[in-house]
Amino acid sequence: MRHILICSLALLINVNQYVLLDQTKCNTVSFNKPFQLSSSCFQVYNTKFKSIIGVWLPQTNSILFTSNRQGDLNTSNQWIDIYTINLYDGRVKNITGELTRLNGHRHLMANGGTGNYNRKSILLCSQGYRSNGGSIIEITHDFNRLVPIITQYNNLSLNSPNDVIISDKDQSIWFTDPQYGFMQNFRYGQPQLDNNVYRFDINGNIQILINDLVRPNGVAFNSEETILYVTESGYALGNGSINSQVPRAIYSYQIYRQRYKNIYLYNKRLLTHVQPGIPDGIKVDQNGYLYVGCGDGVQIFDDNGALLGKIILPNSKSGVAGLVLAGKKLVMLAETEIWTVDLRCHKCKTTLL
């Protein structure tokens with residue numbers, strides 16, 4: 001029997017809220033008895049914490065995360081708050097002011113992020129604001145330095161970068177760039193680029209890898225970096241409207257690497273459809289299991305797209321947007337709550353700085 005999870009879930013959850021579809025592939029402990037809160041089990045209740053992304057900071061065992069959009073969502077008068085939360089005791093620190101100052105006092109409409117860039121920094125997706133285009137920015141882990149490192153493709157401004165990963169093989173940066181900022185009123189004008197997925201190498205070269213998705217969202221490698229996974233969230237266009245013609249799906253692509261040359265993707269495959277809601281953030285552990293934030297919580301798939309199980313969070317009305325693999329913990333960022341779950345994988349892939 002293959003074991004992927006679970007050892008314990010933060011706070012009380014009953015067995016009926018955990019759904020297993022294949023008992024030959026999943027294993028759980030009983031949830032009949034309530035769990036006691038401890039330093040490794042926490043939940044934050046605060047409507048400001050409408051959590052979207054997460055980056056694990058292992059030196060302090062903290063998670064960097066953002067709020068959802070605040071302010072008047074019908075105009076450009078919007079902002080996003082950025083926080084850290086300590087996994088030991090649940091202490092939260094608002095670092096929005098520090099990062100806004102480093103960003104020239106411009107709103108940092110952050111979204112996806114990752115660690116381990118140049119072994120010392122965090123990468124965040126800045127979705128752009130008003131007339132300022134989107135970018136991928138580098139932030140030192142002490143939050144004392146912020147530098148935009150990708151702002152354009154062929155002298156055209158990026159849209160609203162949504163998720164970013166770093167290749168362990170060559171330190172190249174791969175990211176999705178949907179047009180959500182324009183649909184959500186905080187970007188001015190019209191997009192200059194399509195909804196693309198990009199790769200940026202250490203020599204400063206940038207290439208489009210995928211250009212046929214409606215809203216590319218989450219992005220992840222398998223552990224060998226031979227497969228790229230991308231979530232398609234074009235079912236929700238970003239302005240409250242729905243496009244039922246677009247699949248709510250996870251796509252996989254095989255990666256072909258030419259030595260000292262470009263990367264090519266081939267054998268695009270619709271891995272699986274995801275409901276309810278849309279597939280958002282995605283993480284992959286060393287066993288090849290995919291953890292996907294969805295409208296009902298987190299859904300877990302194998303590398304063939306078979307649904308292994310779900311983690312359904314109590315009282316969660318909007319599901320899970322962001323995920324973090326922090327050691328052997330899965331941190332789930334719901335709209336107003338943050339949950340942790342202990343994983344039973346022996347080699348959980350994590351993001352280190």
# chains A, B, ... in the order shown; residues from 1 in each chain; ligands from 1
call {"tool": "residues_around", "arguments": {"residues": "Val320 in chain A", "least_positions_apart": "6", "cutoff": "7 Å", "atoms": "only C-alpha atoms", "output": "PyMOL selection string"}}
result
chain A and resi 293-295+297-298+332-335
call {"tool": "residues_around", "arguments": {"residues": "Val274 in chain A", "least_positions_apart": "5", "cutoff": "12 Å", "atoms": "only C-alpha atoms", "output": "number ranges by chain"}}
result
A: 231-233, 235, 246-251, 279-280, 291-301, 305-307, 310
call {"tool": "residues_around", "arguments": {"residues": "Leu102 in chain A", "least_positions_apart": "6", "cutoff": "12 Å", "atoms": "only C-alpha atoms", "output": "list of chain:residue names"}}
result
A:Ile95, A:Thr96, A:Leu108, A:Ile137, A:Glu138, A:Ile139, A:Thr140, A:Phe143, A:Asn144, A:Arg145, A:Leu146, A:Val147, A:Pro148
call {"tool": "select_by_dssp", "arguments": {"residues": "range 124-230 of chain A", "states": "strand (DSSP E)", "output": "PyMOL selection string"}}
result
chain A and resi 124-126+135-140+146-150+152-153+156-157+163-166+173-177+196-200+206-210+216-221+227-230
call {"tool": "atom_distance", "arguments": {"atom1": "CA of Arg106 in chain A", "atom2": "CA of Gly240 in chain A"}}
result
26.2 Å
call {"tool": "residues_around", "arguments": {"residues": "Leu123 in chain A", "least_positions_apart": "4", "cutoff": "9 Å", "atoms": "only C-alpha atoms", "output": "list in words"}}
result
Val55, Gly112, Gly113, Thr114, Gly115, Asn116, Tyr117, Ile136, Ile137, Glu138, Ile139, Thr140, Val164, Ile165 and Ile166 of chain A
call {"tool": "atom_distance", "arguments": {"atom1": "CA of Asn217 in chain A", "atom2": "CA of Tyr266 in chain A"}}
result
19.0 Å
call {"tool": "atom_distance", "arguments": {"atom1": "CA of Asn162 in chain A", "atom2": "CA of Ala236 in chain A"}}
result
14.3 Å
call {"tool": "residues_around", "arguments": {"residues": "range 222-230 of chain A", "least_positions_apart": "4", "cutoff": "9 Å", "atoms": "only C-alpha atoms", "output": "number ranges by chain"}}
result
A: 167-169, 176, 197, 216-218, 249-256, 265, 271, 282-290, 303, 349
